[in-house]
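J.: This is the content of run.cif (mmCIF, C-alpha atoms):
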data_start
loop_
_atom_site.group_PDB
_atom_site.id
_atom_site.type_symbol
_atom_site.label_atom_id
_atom_site.label_comp_id
_atom_site.auth_asym_id
_atom_site.auth_seq_id
_atom_site.Cartn_x
_atom_site.Cartn_y
_atom_site.Cartn_z
ATOM 1 C CA MET A 1012 24.194 145.850 221.310
ATOM 2 C CA THR A 1013 27.870 144.824 221.342
ATOM 3 C CA GLN A 1014 30.200 147.704 220.588
ATOM 4 C CA GLN A 1015 31.956 147.105 217.260
ATOM 5 C CA THR A 1016 35.745 147.135 217.353
ATOM 6 C CA VAL A 1017 37.672 148.893 214.595
ATOM 7 C CA GLY A 1018 41.456 148.947 214.208
ATOM 8 C CA MET A 1019 43.552 151.991 213.329
ATOM 9 C CA ILE A 1020 47.197 151.604 212.330
ATOM 10 C CA GLY A 1021 48.977 154.952 212.047
ATOM 11 C CA LEU A 1022 47.962 157.656 214.510
ATOM 12 C CA GLY A 1023 49.487 160.739 212.922
ATOM 13 C CA ILE A 1024 47.598 163.861 211.876
ATOM 14 C CA MET A 1025 45.010 161.964 209.821
ATOM 15 C CA GLY A 1026 44.894 158.693 211.722
ATOM 16 C CA SER A 1027 44.403 160.331 215.116
ATOM 17 C CA ALA A 1028 41.570 162.485 213.765
ATOM 18 C CA MET A 1029 39.844 159.515 212.146
ATOM 19 C CA SER A 1030 40.159 157.378 215.269
ATOM 20 C CA ALA A 1031 38.760 160.160 217.472
ATOM 21 C CA ASN A 1032 35.739 160.498 215.185
ATOM 22 C CA LEU A 1033 35.197 156.738 215.165
ATOM 23 C CA ALA A 1034 35.264 156.733 218.977
ATOM 24 C CA ARG A 1035 32.716 159.547 219.042
ATOM 25 C CA ALA A 1036 30.566 157.542 216.629
ATOM 26 C CA GLY A 1037 30.417 154.700 219.151
ATOM 27 C CA PHE A 1038 33.167 152.375 217.910
ATOM 28 C CA ARG A 1039 35.809 150.805 220.121
ATOM 29 C CA VAL A 1040 39.023 151.812 218.378
ATOM 30 C CA ILE A 1041 42.132 149.681 218.832
ATOM 31 C CA GLY A 1042 45.033 151.846 217.686
ATOM 32 C CA TYR A 1043 48.734 151.421 217.057
ATOM 33 C CA ASP A 1044 51.526 153.762 216.045
ATOM 34 C CA VAL A 1045 55.302 153.304 216.190
ATOM 35 C CA ALA A 1046 55.449 156.479 218.323
ATOM 36 C CA GLN A 1047 54.543 155.898 221.960
ATOM 37 C CA ARG A 1048 53.446 159.540 222.249
ATOM 38 C CA GLN A 1049 50.795 158.976 219.576
ATOM 39 C CA ARG A 1050 49.558 155.833 221.326
ATOM 40 C CA GLY A 1051 49.182 157.803 224.544
ATOM 41 C CA ALA A 1052 47.217 160.544 222.773
ATOM 42 C CA HIS A 1053 44.999 157.870 221.256
ATOM 43 C CA VAL A 1054 44.104 156.564 224.721
ATOM 44 C CA ARG A 1055 43.383 160.078 225.986
ATOM 45 C CA ALA A 1056 41.013 160.562 223.021
ATOM 46 C CA GLY A 1057 38.980 157.521 224.047
ATOM 47 C CA GLY A 1058 40.748 154.742 222.153
ATOM 48 C CA VAL A 1059 42.527 151.567 223.233
ATOM 49 C CA ALA A 1060 46.229 151.206 222.471
ATOM 50 C CA ALA A 1061 47.690 148.032 221.005
ATOM 51 C CA ARG A 1062 51.332 147.066 221.512
ATOM 52 C CA SER A 1063 51.911 146.091 217.890
ATOM 53 C CA VAL A 1064 50.427 145.843 214.405
ATOM 54 C CA ARG A 1065 49.784 142.178 215.112
ATOM 55 C CA GLY A 1066 47.837 143.163 218.229
ATOM 56 C CA VAL A 1067 45.459 145.238 216.095
ATOM 57 C CA ALA A 1068 45.116 142.417 213.538
ATOM 58 C CA LYS A 1069 44.077 139.936 216.220
ATOM 59 C CA ARG A 1070 41.401 142.184 217.753
ATOM 60 C CA ALA A 1071 39.608 143.864 214.814
ATOM 61 C CA GLU A 1072 37.883 142.579 211.685
ATOM 62 C CA ILE A 1073 37.877 145.987 209.981
ATOM 63 C CA VAL A 1074 41.101 147.975 210.165
ATOM 64 C CA VAL A 1075 42.003 151.420 208.821
ATOM 65 C CA THR A 1076 45.618 152.133 207.871
ATOM 66 C CA SER A 1077 47.050 155.651 207.572
ATOM 67 C CA LEU A 1078 50.772 155.393 206.846
ATOM 68 C CA PRO A 1079 53.512 157.828 205.791
ATOM 69 C CA SER A 1080 55.557 155.790 203.308
ATOM 70 C CA ALA A 1081 55.842 152.774 201.035
ATOM 71 C CA ASN A 1082 58.246 151.131 203.476
ATOM 72 C CA ALA A 1083 55.791 151.591 206.325
ATOM 73 C CA LEU A 1084 52.963 149.927 204.380
ATOM 74 C CA ALA A 1085 55.184 147.027 203.328
ATOM 75 C CA ALA A 1086 56.285 146.412 206.921
ATOM 76 C CA VAL A 1087 52.741 146.689 208.260
ATOM 77 C CA ALA A 1088 51.437 144.224 205.650
ATOM 78 C CA VAL A 1089 53.959 141.558 206.670
ATOM 79 C CA GLU A 1090 53.308 141.945 210.396
ATOM 80 C CA PHE A 1091 49.551 142.237 209.930
ATOM 81 C CA ALA A 1092 49.462 139.007 207.940
ATOM 82 C CA ALA A 1093 51.027 137.185 210.879
ATOM 83 C CA GLY A 1094 48.096 137.951 213.154
ATOM 84 C CA ALA A 1095 45.047 138.575 210.957
ATOM 85 C CA LYS A 1096 41.982 136.404 210.701
ATOM 86 C CA ARG A 1097 40.651 135.296 207.332
ATOM 87 C CA GLY A 1098 37.983 137.723 206.095
ATOM 88 C CA THR A 1099 39.503 140.784 207.800
ATOM 89 C CA ILE A 1100 39.076 143.945 205.732
ATOM 90 C CA VAL A 1101 41.768 146.625 205.564
ATOM 91 C CA ILE A 1102 40.749 150.162 204.554
ATOM 92 C CA GLU A 1103 44.070 151.503 203.222
ATOM 93 C CA THR A 1104 43.858 155.320 203.196
ATOM 94 C CA SER A 1105 47.492 156.333 202.571
ATOM 95 C CA THR A 1106 48.615 158.251 199.493
ATOM 96 C CA LEU A 1107 51.182 155.946 197.884
ATOM 97 C CA PRO A 1108 52.079 154.619 194.421
ATOM 98 C CA ILE A 1109 49.578 152.044 193.177
ATOM 99 C CA PRO A 1110 52.177 149.231 192.763
ATOM 100 C CA VAL A 1111 53.079 149.645 196.461
ATOM 101 C CA LYS A 1112 49.446 149.145 197.444
ATOM 102 C CA GLU A 1113 49.091 146.202 195.082
ATOM 103 C CA ALA A 1114 52.094 144.524 196.698
ATOM 104 C CA ALA A 1115 50.559 144.935 200.176
ATOM 105 C CA ARG A 1116 47.227 143.636 198.866
ATOM 106 C CA ASP A 1117 48.927 140.524 197.465
ATOM 107 C CA VAL A 1118 50.801 139.801 200.715
ATOM 108 C CA LEU A 1119 47.605 140.004 202.742
ATOM 109 C CA ALA A 1120 45.483 138.118 200.207
ATOM 110 C CA LYS A 1121 47.551 135.008 200.971
ATOM 111 C CA ARG A 1122 46.085 135.111 204.501
ATOM 112 C CA GLY A 1123 42.550 135.750 203.290
ATOM 113 C CA VAL A 1124 42.644 139.452 204.160
ATOM 114 C CA ILE A 1125 40.859 141.854 201.783
ATOM 115 C CA VAL A 1126 42.551 145.189 201.149
ATOM 116 C CA LEU A 1127 40.594 148.149 199.781
ATOM 117 C CA ASP A 1128 42.455 151.074 198.202
ATOM 118 C CA CYS A 1129 40.761 154.068 199.848
ATOM 119 C CA PRO A 1130 42.623 157.404 199.735
ATOM 120 C CA LEU A 1131 41.153 160.434 201.456
ATOM 121 C CA SER A 1132 40.413 163.921 200.202
ATOM 122 C CA GLY A 1133 40.839 166.555 202.893
ATOM 123 C CA THR A 1134 43.348 168.119 205.285
ATOM 124 C CA GLY A 1135 44.069 167.228 208.883
ATOM 125 C CA ALA A 1136 41.870 170.118 210.002
ATOM 126 C CA GLN A 1137 39.030 168.767 207.895
ATOM 127 C CA ALA A 1138 39.651 165.269 209.263
ATOM 128 C CA ARG A 1139 39.142 166.536 212.820
ATOM 129 C CA VAL A 1140 35.630 167.756 211.992
ATOM 130 C CA LYS A 1141 34.791 164.692 209.830
ATOM 131 C CA ASP A 1142 34.881 166.768 206.646
ATOM 132 C CA LEU A 1143 36.631 164.091 204.576
ATOM 133 C CA LEU A 1144 35.770 162.339 201.337
ATOM 134 C CA ILE A 1145 37.004 158.807 200.738
ATOM 135 C CA TYR A 1146 37.495 157.122 197.375
ATOM 136 C CA VAL A 1147 36.958 153.380 197.804
ATOM 137 C CA SER A 1148 38.223 150.862 195.259
ATOM 138 C CA GLY A 1149 38.460 147.096 195.297
ATOM 139 C CA ASP A 1150 36.075 144.316 196.298
ATOM 140 C CA ARG A 1151 32.536 145.758 196.207
ATOM 141 C CA ALA A 1152 31.092 143.320 198.760
ATOM 142 C CA ALA A 1153 33.854 144.229 201.222
ATOM 143 C CA TYR A 1154 33.147 147.919 200.596
ATOM 144 C CA ARG A 1155 29.498 147.414 201.551
ATOM 145 C CA LYS A 1156 30.538 145.845 204.868
ATOM 146 C CA THR A 1157 32.705 148.846 205.691
ATOM 147 C CA ILE A 1158 30.123 151.565 205.015
ATOM 148 C CA PRO A 1159 29.124 152.060 208.698
ATOM 149 C CA VAL A 1160 32.807 152.481 209.588
ATOM 150 C CA LEU A 1161 33.428 154.877 206.686
ATOM 151 C CA GLU A 1162 30.454 156.950 207.811
ATOM 152 C CA GLY A 1163 32.089 157.223 211.228
ATOM 153 C CA PHE A 1164 34.993 159.340 209.978
ATOM 154 C CA THR A 1165 33.984 160.804 206.578
ATOM 155 C CA SER A 1166 31.289 163.128 205.286
ATOM 156 C CA ALA A 1167 30.848 161.081 202.091
ATOM 157 C CA ASN A 1168 32.206 157.878 200.590
ATOM 158 C CA TYR A 1169 32.402 156.983 196.914
ATOM 159 C CA TYR A 1170 32.925 153.552 195.402
ATOM 160 C CA VAL A 1171 35.018 154.161 192.280
ATOM 161 C CA GLY A 1172 35.618 150.647 190.949
ATOM 162 C CA ALA A 1173 38.549 148.270 190.657
ATOM 163 C CA PHE A 1174 41.467 148.323 193.096
ATOM 164 C CA GLY A 1175 43.717 151.276 192.271
ATOM 165 C CA ASN A 1176 40.964 153.560 191.024
ATOM 166 C CA GLY A 1177 40.799 155.144 194.468
ATOM 167 C CA SER A 1178 44.440 156.193 194.183
ATOM 168 C CA LYS A 1179 43.942 157.449 190.639
ATOM 169 C CA MET A 1180 41.052 159.617 191.851
ATOM 170 C CA LYS A 1181 43.206 160.905 194.710
ATOM 171 C CA PHE A 1182 45.982 161.870 192.302
ATOM 172 C CA VAL A 1183 43.460 163.904 190.312
ATOM 173 C CA ALA A 1184 42.192 165.590 193.484
ATOM 174 C CA ASN A 1185 45.676 166.316 194.850
ATOM 175 C CA LEU A 1186 46.828 167.758 191.534
ATOM 176 C CA LEU A 1187 44.101 170.353 191.997
ATOM 177 C CA VAL A 1188 45.058 170.874 195.652
ATOM 178 C CA ALA A 1189 48.666 171.566 194.647
ATOM 179 C CA ILE A 1190 47.615 174.164 192.089
ATOM 180 C CA HIS A 1191 44.827 175.791 194.104
ATOM 181 C CA ASN A 1192 47.032 176.118 197.187
ATOM 182 C CA VAL A 1193 49.704 178.039 195.280
ATOM 183 C CA ALA A 1194 47.024 180.012 193.410
ATOM 184 C CA ALA A 1195 45.461 181.066 196.724
ATOM 185 C CA ALA A 1196 48.853 182.205 198.007
ATOM 186 C CA GLU A 1197 49.631 184.060 194.787
ATOM 187 C CA ALA A 1198 46.328 185.934 194.936
ATOM 188 C CA MET A 1199 46.806 186.759 198.621
ATOM 189 C CA VAL A 1200 50.291 188.157 197.991
ATOM 190 C CA LEU A 1201 49.087 190.214 195.028
ATOM 191 C CA GLY A 1202 46.409 191.746 197.215
ATOM 192 C CA MET A 1203 48.820 192.479 200.046
ATOM 193 C CA LYS A 1204 51.330 194.074 197.680
ATOM 194 C CA ALA A 1205 48.495 196.261 196.394
ATOM 195 C CA GLY A 1206 47.912 197.440 199.977
ATOM 196 C CA LEU A 1207 44.821 195.345 200.808
ATOM 197 C CA ASP A 1208 44.272 193.860 204.254
ATOM 198 C CA PRO A 1209 44.720 190.051 204.024
ATOM 199 C CA ALA A 1210 41.765 189.420 206.343
ATOM 200 C CA LEU A 1211 39.558 191.489 204.046
ATOM 201 C CA ILE A 1212 40.860 189.627 200.983
ATOM 202 C CA LEU A 1213 39.848 186.318 202.560
ATOM 203 C CA LYS A 1214 36.430 187.597 203.594
ATOM 204 C CA VAL A 1215 35.557 189.105 200.222
ATOM 205 C CA VAL A 1216 37.120 186.615 197.797
ATOM 206 C CA ALA A 1217 36.625 183.206 199.460
ATOM 207 C CA GLY A 1218 32.903 182.953 198.748
ATOM 208 C CA GLY A 1219 33.031 184.353 195.231
ATOM 209 C CA ALA A 1220 33.780 182.954 191.795
ATOM 210 C CA GLY A 1221 37.519 183.235 192.406
ATOM 211 C CA GLY A 1222 37.417 181.302 195.654
ATOM 212 C CA SER A 1223 38.395 177.663 196.162
ATOM 213 C CA ARG A 1224 38.317 175.124 198.965
ATOM 214 C CA MET A 1225 42.033 175.634 199.468
ATOM 215 C CA PHE A 1226 41.507 179.390 199.730
ATOM 216 C CA GLN A 1227 38.905 178.724 202.432
ATOM 217 C CA VAL A 1228 40.953 176.110 204.299
ATOM 218 C CA ARG A 1229 44.403 177.712 204.125
ATOM 219 C CA GLY A 1230 43.402 181.354 203.717
ATOM 220 C CA PRO A 1231 43.143 181.883 207.509
ATOM 221 C CA MET A 1232 46.737 180.657 207.906
ATOM 222 C CA MET A 1233 47.846 183.006 205.147
ATOM 223 C CA VAL A 1234 46.074 185.908 206.844
ATOM 224 C CA LYS A 1235 47.961 185.232 210.109
ATOM 225 C CA GLY A 1236 51.214 184.283 208.415
ATOM 226 C CA ASP A 1237 51.414 181.328 210.821
ATOM 227 C CA TYR A 1238 51.769 177.797 209.435
ATOM 228 C CA SER A 1239 53.022 176.036 212.560
ATOM 229 C CA GLU A 1240 49.837 173.999 213.163
ATOM 230 C CA ALA A 1241 50.289 171.864 210.090
ATOM 231 C CA THR A 1242 47.374 169.980 208.608
ATOM 232 C CA MET A 1243 49.733 168.752 205.838
ATOM 233 C CA LYS A 1244 53.459 169.211 206.380
ATOM 234 C CA ASN A 1245 55.557 170.351 203.443
ATOM 235 C CA GLU A 1246 57.921 167.405 203.903
ATOM 236 C CA VAL A 1247 55.037 164.929 203.611
ATOM 237 C CA TRP A 1248 53.504 166.809 200.690
ATOM 238 C CA GLN A 1249 56.766 166.358 198.752
ATOM 239 C CA LYS A 1250 55.967 162.632 198.650
ATOM 240 C CA ASP A 1251 52.514 163.318 197.192
ATOM 241 C CA MET A 1252 53.929 165.698 194.581
ATOM 242 C CA THR A 1253 56.440 163.075 193.460
ATOM 243 C CA ILE A 1254 53.784 160.352 193.220
ATOM 244 C CA ILE A 1255 51.471 162.524 191.104
ATOM 245 C CA GLY A 1256 54.281 163.695 188.845
ATOM 246 C CA ASP A 1257 55.508 160.142 188.256
ATOM 247 C CA PHE A 1258 51.972 158.917 187.575
ATOM 248 C CA ALA A 1259 51.342 161.656 184.992
ATOM 249 C CA ARG A 1260 54.647 160.916 183.265
ATOM 250 C CA GLU A 1261 53.790 157.201 183.066
ATOM 251 C CA LEU A 1262 50.612 158.172 181.204
ATOM 252 C CA ASP A 1263 52.364 160.780 179.029
ATOM 253 C CA CYS A 1264 49.807 163.267 180.315
ATOM 254 C CA PRO A 1265 50.764 166.960 180.305
ATOM 255 C CA THR A 1266 50.322 168.733 183.661
ATOM 256 C CA PRO A 1267 51.783 172.221 183.057
ATOM 257 C CA LEU A 1268 50.109 174.003 185.972
ATOM 258 C CA PHE A 1269 51.013 171.230 188.399
ATOM 259 C CA ALA A 1270 54.603 171.376 187.146
ATOM 260 C CA ALA A 1271 54.631 175.145 187.638
ATOM 261 C CA SER A 1272 53.530 174.774 191.258
ATOM 262 C CA ALA A 1273 56.297 172.319 192.211
ATOM 263 C CA PRO A 1274 59.173 174.840 192.497
ATOM 264 C CA ILE A 1275 57.184 176.869 195.032
ATOM 265 C CA TYR A 1276 56.888 173.846 197.329
ATOM 266 C CA ASN A 1277 60.579 173.087 196.763
ATOM 267 C CA ALA A 1278 61.388 176.640 197.806
ATOM 268 C CA ALA A 1279 59.386 176.169 201.013
ATOM 269 C CA MET A 1280 61.613 173.198 201.846
ATOM 270 C CA ALA A 1281 64.735 175.225 201.069
ATOM 271 C CA MET A 1282 63.517 177.988 203.395
ATOM 272 C CA GLY A 1283 63.344 175.557 206.326
ATOM 273 C CA LEU A 1284 59.556 175.197 206.284
ATOM 274 C CA ALA A 1285 59.505 171.376 206.031
ATOM 275 C CA LYS A 1286 57.539 170.919 209.265
ATOM 276 C CA GLU A 1287 55.076 173.732 208.538
ATOM 277 C CA ASP A 1288 51.798 173.534 206.660
ATOM 278 C CA THR A 1289 51.795 173.669 202.870
ATOM 279 C CA GLY A 1290 49.992 176.986 203.176
ATOM 280 C CA ALA A 1291 53.508 178.320 203.812
ATOM 281 C CA VAL A 1292 53.883 178.676 200.042
ATOM 282 C CA CYS A 1293 52.359 182.076 200.775
ATOM 283 C CA LYS A 1294 55.480 182.895 202.808
ATOM 284 C CA VAL A 1295 57.628 181.856 199.848
ATOM 285 C CA LEU A 1296 55.769 184.170 197.493
ATOM 286 C CA GLU A 1297 55.861 186.994 200.040
ATOM 287 C CA GLU A 1298 59.661 186.712 200.100
ATOM 288 C CA MET A 1299 59.732 186.780 196.300
ATOM 289 C CA ALA A 1300 57.481 189.857 196.319
ATOM 290 C CA GLY A 1301 59.686 191.767 198.750
ATOM 291 C CA ASN A 1302 57.732 191.104 201.956
ATOM 292 C CA PRO A 1303 54.677 193.303 201.289
ATOM 293 C CA ARG A 1304 53.196 192.423 204.688
ATOM 294 C CA ARG A 1305 56.288 193.684 206.511
ATOM 295 C CA ARG A 1306 56.347 196.897 204.474
ATOM 296 C CA ALA A 1307 52.668 197.524 205.177
ATOM 297 C CA ARG A 1308 53.319 197.201 208.937
ATOM 298 C CA ARG A 1309 56.165 199.696 208.732
ATOM 299 C CA ARG A 1310 53.868 202.173 206.931
ATOM 300 C CA ARG A 1311 51.413 201.955 209.788
#
Rewrite the structure of this file - the entire thing - as structure tokens.
T.:
Amino acid sequence: MTQQTVGMIGLGIMGSAMSANLARAGFRVIGYDVAQRQRGAHVRAGGVAARSVRGVAKRAEIVVTSLPSANALAAVAVEFAAGAKRGTIVIETSTLPIPVKEAARDVLAKRGVIVLDCPLSGTGAQARVKDLLIYVSGDRAAYRKTIPVLEGFTSANYYVGAFGNGSKMKFVANLLVAIHNVAAAEAMVLGMKAGLDPALILKVVAGGAGGSRMFQVRGPMMVKGDYSEATMKNEVWQKDMTIIGDFARELDCPTPLFAASAPIYNAAMAMGLAKEDTGAVCKVLEEMAGNPRRRARRRR
């Protein structure tokens, strides 16, 4: 059988993990990123590098986009339209405001390209082991055609209706992530200040009623106090927090716990932790609590 070609535009933390899984699943992955270093890593992981967005558009009929900003998506849409074939399907996985995605959809629709709004649920670490959920919204027939590709880099895919519903579902999921991440850090710091070993806290609590997926995913970082291998950088997460907050305000929907979590992430930025994982909110709370980990080491 002929090997199916899939495009990947954006080879950052998420895009590189998705493309590597697609390659392992037997797809030929044509990838592009503005950073030459990321293109080189893509080749080393078994992919084929394109020289431009247009190069991906010309060589793949199903393309995944994983982009960091509204400006990036707008620029990609214009360049992609210049090279795409009619009937090409774009699986747009970025977390961005819905009007931004609608604008990209409209630009590409003029060239007969179908855009699906398909945000992901999961961290970069989860992406590497194909432990991602994807919320697909838009044209149902196009969704059906993409299922084999979706199965190549996710553990489950859900069709959630009209274009934009995928983003709405992602905002709901990320609201919980924001809260649970800070809650996990708060619990860990309470335990440490009470004299408990952080590794024991993780082992005992993670699987119980008080555990959460964020406690399981970011708890090991909190135990080590090392957030340098970021699966979601604080500086990128700031964008997601803003999008969710704006969306809730547009709906006049109260989000008191989400609002309470925001200053902790802001403090992480102020402490110079922009490039570190969002699990570093634990470091913020440790500082606020008087560095219980440091005091415990001195007692030993």
J.: With all atoms listed in the file as the basis for distance, which of A:Ser1132, A:Gly1202, A:Ala1194, A:Val1140 is at the shortest distance from Phe1182 in chain A?
T.: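 Among the listed residues, the smallest separation from Phe1182 in chain A belongs to A:Ser1132.
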J.: Any idea what the distance is between CA of Glu1113 in chain A and CA of Arg1070 in chain A?
T.: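 Between CA of Glu1113 in chain A and CA of Arg1070 in chain A the gap works out to 24.3 Å.
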J.: Rounded to one decimal, what separation in Å do you get between CA of Ser1223 in chain A and CA of Met1282 in chain A?
T.: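 CA of Met1282 in chain A lies at a distance of 26.1 Å from CA of Ser1223 in chain A.
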J.: Residues picked by the PyMOL selection byres ((chain A and resi 1019) around 12) here, as number ranges by chain?
T.: A: 1016-1018, 1020-1023, 1025-1034, 1038-1044, 1049-1050, 1053, 1058-1061, 1063-1068, 1070-1078, 1087, 1091, 1100-1104, 1160, 1164
J.: Since I can't run it myself right now, could you work out what the PyMOL selection byres ((chain A and resi 1229-1235) around 7) selects here and report it as an mmCIF file with C-alpha atoms, keeping the file's coordinate frame?
T.:
data_model
loop_
_atom_site.group_PDB
_atom_site.id
_atom_site.type_symbol
_atom_site.label_atom_id
_atom_site.label_comp_id
_atom_site.auth_asym_id
_atom_site.auth_seq_id
_atom_site.Cartn_x
_atom_site.Cartn_y
_atom_site.Cartn_z
ATOM 1 C CA PRO A 1209 44.720 190.051 204.024
ATOM 2 C CA ALA A 1210 41.765 189.420 206.343
ATOM 3 C CA LEU A 1213 39.848 186.318 202.560
ATOM 4 C CA MET A 1225 42.033 175.634 199.468
ATOM 5 C CA PHE A 1226 41.507 179.390 199.730
ATOM 6 C CA GLN A 1227 38.905 178.724 202.432
ATOM 7 C CA VAL A 1228 40.953 176.110 204.299
ATOM 8 C CA GLY A 1236 51.214 184.283 208.415
ATOM 9 C CA ASP A 1237 51.414 181.328 210.821
ATOM 10 C CA TYR A 1238 51.769 177.797 209.435
ATOM 11 C CA GLY A 1290 49.992 176.986 203.176
ATOM 12 C CA CYS A 1293 52.359 182.076 200.775
#
J.: Residues picked by the PyMOL selection byres ((chain A and resi 1122) around 9) here, as JSON, numbers by chain?
T.: {"A": [1092, 1093, 1095, 1096, 1097, 1098, 1118, 1119, 1120, 1121, 1123, 1124, 1125]}
J.: Please check which residues have atoms at most 10 Å from (28.9, 147.4, 191.7) in the file's coordinates, counting only C-alpha atoms, and write them as a list in words.
T.: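 So the residues meeting the distance criterion are Asp1150, Arg1151, Ala1152, Tyr1154, Arg1155, Tyr1170, Val1171, Gly1172 and Ala1173 of chain A.
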J.: Quick one: distance from CA of Asn1168 in chain A to CA of Asp1117 in chain A in Å, one decimal?
T.: 24.3 Å
J.: Pick the closest to Glu1240 in chain A from A:Gly1135, A:Gly1057, A:Pro1108, A:Pro1267: which is it, counting all atoms listed in the file?
T.: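 Using all atoms listed in the file, the shortest distance to Glu1240 in chain A belongs to A:Gly1135.
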J.: Quick one: axis-aligned box around all listed atoms of range 1227-1234 of chain A, 5 Å on every side, centre and edge lengths in Å to one decimal, written as JSON.
T.:
{"center_x": 43.4, "center_y": 181.0, "center_z": 205.2, "size_x": 18.9, "size_y": 19.8, "size_z": 15.5}
J.: Please identify all polymer residues within 10 Å of Glu1246 in chain A, counting all atoms listed in the file, omitting same-chain residues fewer than 6 positions from it, and present them as a PyMOL selection string.
T.: chain A and resi 1276-1277+1279-1280+1284-1289
J.: Excluding same-chain residues fewer than 2 positions from Thr1106 in chain A, what lies within 12 Å of it counting all atoms listed in the file, as a PyMOL selection string?
T.: chain A and resi 1025+1076-1081+1083-1084+1103-1104+1108-1112+1128-1133+1145-1146+1175+1177-1185+1247-1255
J.: Go through A:Ala1291, A:Val1147, A:Ala1088, A:Ala1196 one by one, measure the shortest atom-to-atom distance of each to Ala1167 in chain A using all atoms listed in the file, and give the residue with the smallest value.
T.: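 Closest candidate: A:Val1147.
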J.: Which is closer to Ala1086 in chain A than all the others in A:Ala1036, A:Ile1158, A:Ala1052, A:Val1045, using all atoms listed in the file?
T.: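 Residue with the minimum atom-to-atom distance to Ala1086 in chain A: A:Val1045.
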J.: Calculated over only C-alpha atoms, which of the candidates A:Leu1127, A:Val1292, A:Ala1115, A:Ala1259 has the smallest distance to Ala1198 in chain A?
T.: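 Comparing A:Leu1127, A:Val1292, A:Ala1115, A:Ala1259 against Ala1198 in chain A, the winner is A:Val1292.
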